[in-house]
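First the structure, in the form of structure tokens, and then the observations on it.
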Amino acid sequence: MSVPQSGGGLIEHHEQLVEYLAKGCKPRKDWRIGTEHEKFGYCSENLLPLPYEGKRSIRAVLEGLQHRFAWDPVFEDGNIIGLTKEGANVSLEPGGALELSGAPLESIHQTCDEVNVHLAEVKSVSDEIGVKFIGLGAAPEWTHEQMPLMPKGRYKLMNDYMGKVGTHGTQMMRRTCTVQVNLDFGSEADMVQKMRVALALQPVATALFANSPFFEGKPNGHKSWRSRIWRSLDDARTGMLPFVFEEGFGFERWTEWVLDVPMYFVYRDGKYIDALGMSFRDFLKGELPALPGEKPTLSDWADHLTTVFPEARVKQYIEMRGADGGPWRRLCALPAFWVGLMYDQSALDAAWDLCKGWTAEQREALRVAASVDGLQAQVDGINMHDLAREAVAISESGLKARGMPGAGGMVPDETHFLNALKDSIETGKTPADELLDHYHGDWHGDLKRIYAEYSY
């Protein structure tokens, strides 16, 4: 989940909203990679999720990271709720999952080094207090009641609202984890092409990274239950956004859509003010019931942009949001997949050629089929396994064209970060398939085996 924004003056005219997004345009030499990943923490002794307080707790992990590895703490109402250091931050998801939002970096080599350092730090602290972390798309056994809501004002507001607008919102908040990558664009036209590719091919990422076949202790009938949850969360702010593929889409059209998404909150003086269901358009006119007579700032607009949750999202960069959290090596594969598709123009054009003929109905059907069947999905003659093979090949060509070396020049490019995905394409098995094979095979239906065998 995003942190409160700061800075930015009063919004005096509509164009400022559009200009805010357009300021994300950067020359290619300044394009960066920001990787975010979440993981579930649990107590080694009883295999239950971590509370916020106590010897084995989220607070203990955050304080351990702060003191041992020189992270700067972030507090809300006296509670440590995050950490920052050198452009990166560690934050809490609503149910206590721990998220690293990485610094903007130049290469996947750097991104993977960052991931490795972070997980090593977390393991160093958590091992000493009897805590473990595991990368999955959904909590395998834990119930809603077993996963306490973390002490953040934003989460309390969202928790109260979710049940009014969908059926799976609180499951998303407490019991799902993702890995995503944030990527830059060079111009409005570049943003448009990248967003169209991002949305159309997001089901491929969902299929390749599917890693949530269990829920509340048993198979749930989906390869990605996390993706299923998002389909019944809140139709006003989620989905595949057919308007992105319409003529004339750009920053203005995105602005208009976000303005029509009901608000969650306004952040003032360290407090979240309840604006649930209210209109940002009214806020622009000084008619917001929560703050009568007050008009928004650009930081309010930035906050509101973080409350829309489609499969790909525009802020001052583009977020790829369709993948399940997963094992260590796939945390580097996800940014590699999208960087290969997005940061080389020939690869981006080839990716668009792959999907530009699809209808809105086909794109939505692929989203649904990916969550249910993973690489085995079939929609109108489109075979997900074949589609994934083509997409990964295009990504590999894009990474080769980037020619970004690592290990002091010993590694010529970033293509080896796709190896986990190439393995899945060769075998036809995603992490979800492997988990199900274990469950029905050598685990003999004992899901508790997942903790010892799949934790970081």
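To be explicit about the labels: the chains of the structure tokens are called A, B, and onward in the order shown, and within each one the residues are counted from 1, while ligands get numbers from 1 in the order they are shown.
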
Determine, counting only C-alpha atoms, which protein, DNA and RNA residues have an atom within 6 Å of an atom of stretch 319-329 of chain A; residues of the same chain fewer than 5 positions away are not included. Present the result as a list in words.
->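 Near stretch 319-329 of chain A, the qualifying residues are Gly135, Leu136, Gly137, Cys177, Thr178, Val179, Gln180, Val181, Asn182, Gln202, Ala205, Thr206, Phe209, Ala210, Asn211, Glu311, Ala312 and Arg313 of chain A.
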
DSSP on the backbone: which residues in stretch 281-359 of chain A end up as strand (DSSP E or B)? Give the answer as a CSV table (one decimal) with C-alpha atoms, in the first residue's frame.
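Output file out-v7.csv is given in full below:
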```csv
chain,number,residue,atom,x,y,z
A,297,THR,CA,-3.5,20.3,-3.0
A,309,PHE,CA,-6.4,-0.4,-8.3
A,310,PRO,CA,-6.6,-1.5,-12.0
A,312,ALA,CA,-1.9,-1.5,-14.5
A,313,ARG,CA,-1.9,2.0,-13.0
A,314,VAL,CA,-0.6,5.4,-14.1
A,318,ILE,CA,3.3,2.9,-14.7
A,319,GLU,CA,2.7,0.1,-12.2
A,320,MET,CA,2.4,-3.5,-13.3
A,321,ARG,CA,0.0,-5.1,-10.8
A,322,GLY,CA,-1.0,-8.5,-12.0
A,323,ALA,CA,1.4,-10.9,-10.4
A,324,ASP,CA,1.3,-13.1,-7.3
```

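Counting only C-alpha atoms, the residue from A:Pro405, A:Gly34, A:Pro412, A:Gly217 that sits nearest to A:Leu331 is A:Gly34.
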
Near-A:Leu233 list (9 Å; only C-alpha atoms; drop same-chain fewer than 6 positions) as a list in words |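 Residues near the query, excluding close chain neighbours: Met162, Gly163, Val165, Gly166, Thr167, His168, Gly169, Thr170, Gln171 and Met172 of chain A.
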
Could you give me, as an mmCIF file with C-alpha atoms, in the first residue's frame, the residues within 12 Å of A:Phe245, counting only C-alpha atoms and dropping anything in the same chain fewer than 5 positions from it?
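Now in result_33.cif:
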```cif
data_model
loop_
_atom_site.group_PDB
_atom_site.id
_atom_site.type_symbol
_atom_site.label_atom_id
_atom_site.label_comp_id
_atom_site.auth_asym_id
_atom_site.auth_seq_id
_atom_site.Cartn_x
_atom_site.Cartn_y
_atom_site.Cartn_z
ATOM 1 C CA VAL A 192 -0.382 5.201 -24.002
ATOM 2 C CA GLN A 193 1.397 2.389 -25.813
ATOM 3 C CA LYS A 194 2.909 1.040 -22.605
ATOM 4 C CA MET A 195 -0.405 1.146 -20.758
ATOM 5 C CA ARG A 196 -2.164 -0.730 -23.543
ATOM 6 C CA VAL A 197 0.500 -3.427 -23.602
ATOM 7 C CA ALA A 198 0.581 -3.529 -19.795
ATOM 8 C CA LEU A 199 -3.162 -4.087 -19.478
ATOM 9 C CA ALA A 200 -3.502 -6.497 -22.396
ATOM 10 C CA MET A 240 -8.889 -3.977 -17.345
ATOM 11 C CA GLY A 250 -4.009 10.026 -22.697
ATOM 12 C CA ARG A 253 -8.700 10.715 -20.054
ATOM 13 C CA TRP A 254 -6.902 9.029 -17.160
ATOM 14 C CA TRP A 352 1.645 -4.498 -29.046
ATOM 15 C CA CYS A 355 -2.276 -8.195 -28.502
ATOM 16 C CA LYS A 356 -3.591 -5.210 -30.467
ATOM 17 C CA GLY A 357 -6.287 -7.238 -32.230
ATOM 18 C CA TRP A 358 -8.010 -8.392 -29.068
ATOM 19 C CA THR A 359 -11.400 -7.084 -28.022
ATOM 20 C CA ALA A 360 -12.222 -5.780 -24.556
ATOM 21 C CA ARG A 363 -8.868 -9.167 -22.622
#
```

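The residue that comes closest to A:Val74, out of A:Ile425, A:Ile229, A:Leu92, A:Leu276 and on the basis of only C-alpha atoms, is A:Leu92.
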
Nearest to A:Tyr456, chosen from A:Leu305, A:Val122, A:Ile58, A:Met173, with only C-alpha atoms counted in the distances |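 Checking each candidate against A:Tyr456, we get A:Val122 as the closest.
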
Using only C-alpha atoms, which residues sit within 7 Å of A:Asp413 once same-chain residues fewer than 3 positions away are excluded, as number ranges by chain?
-> A: 399-400, 403-406

Export C-alpha atoms of the chosen residues as a PDB file, in the first residue's frame?
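Done, and the output landed in result-v8.pdb:
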```pdb
ATOM      1  CA  LEU A 399      16.745  -7.260 -22.602  1.00  0.00           C
ATOM      2  CA  LYS A 400      19.403  -8.296 -25.123  1.00  0.00           C
ATOM      3  CA  GLY A 403      22.618  -4.783 -23.282  1.00  0.00           C
ATOM      4  CA  MET A 404      22.802  -3.800 -19.633  1.00  0.00           C
ATOM      5  CA  PRO A 405      25.821  -5.662 -18.168  1.00  0.00           C
ATOM      6  CA  GLY A 406      26.195  -6.805 -14.588  1.00  0.00           C
TER       7      GLY A 406
END
```

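Taking atom CA of A:Arg281 and atom CA of A:Thr306 as endpoints, the distance between them is 16.4 Å.
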
As a PyMOL selection string, list the residues of stretch 152-352 of chain A assigned to alpha helix (DSSP H) by DSSP on the backbone atoms of this structure.
-> chain A and resi 153-165+169-175+188-208+225-230+251-259+280-284+298-305+330-342+345-352

Please indicate the distance in Å from atom CA of A:Thr35 to atom CA of A:Gly102, rounded to one decimal place.
->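 About the pair atom CA of A:Thr35 and atom CA of A:Gly102: they are 5.3 Å apart.
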
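Every protein or nucleic acid residue with an atom no more than 6 Å from stretch 287-291 of chain A, counting only C-alpha atoms and leaving out same-chain residues fewer than 4 positions away, appears here: Ala275, Asp282 and Phe283 of chain A.
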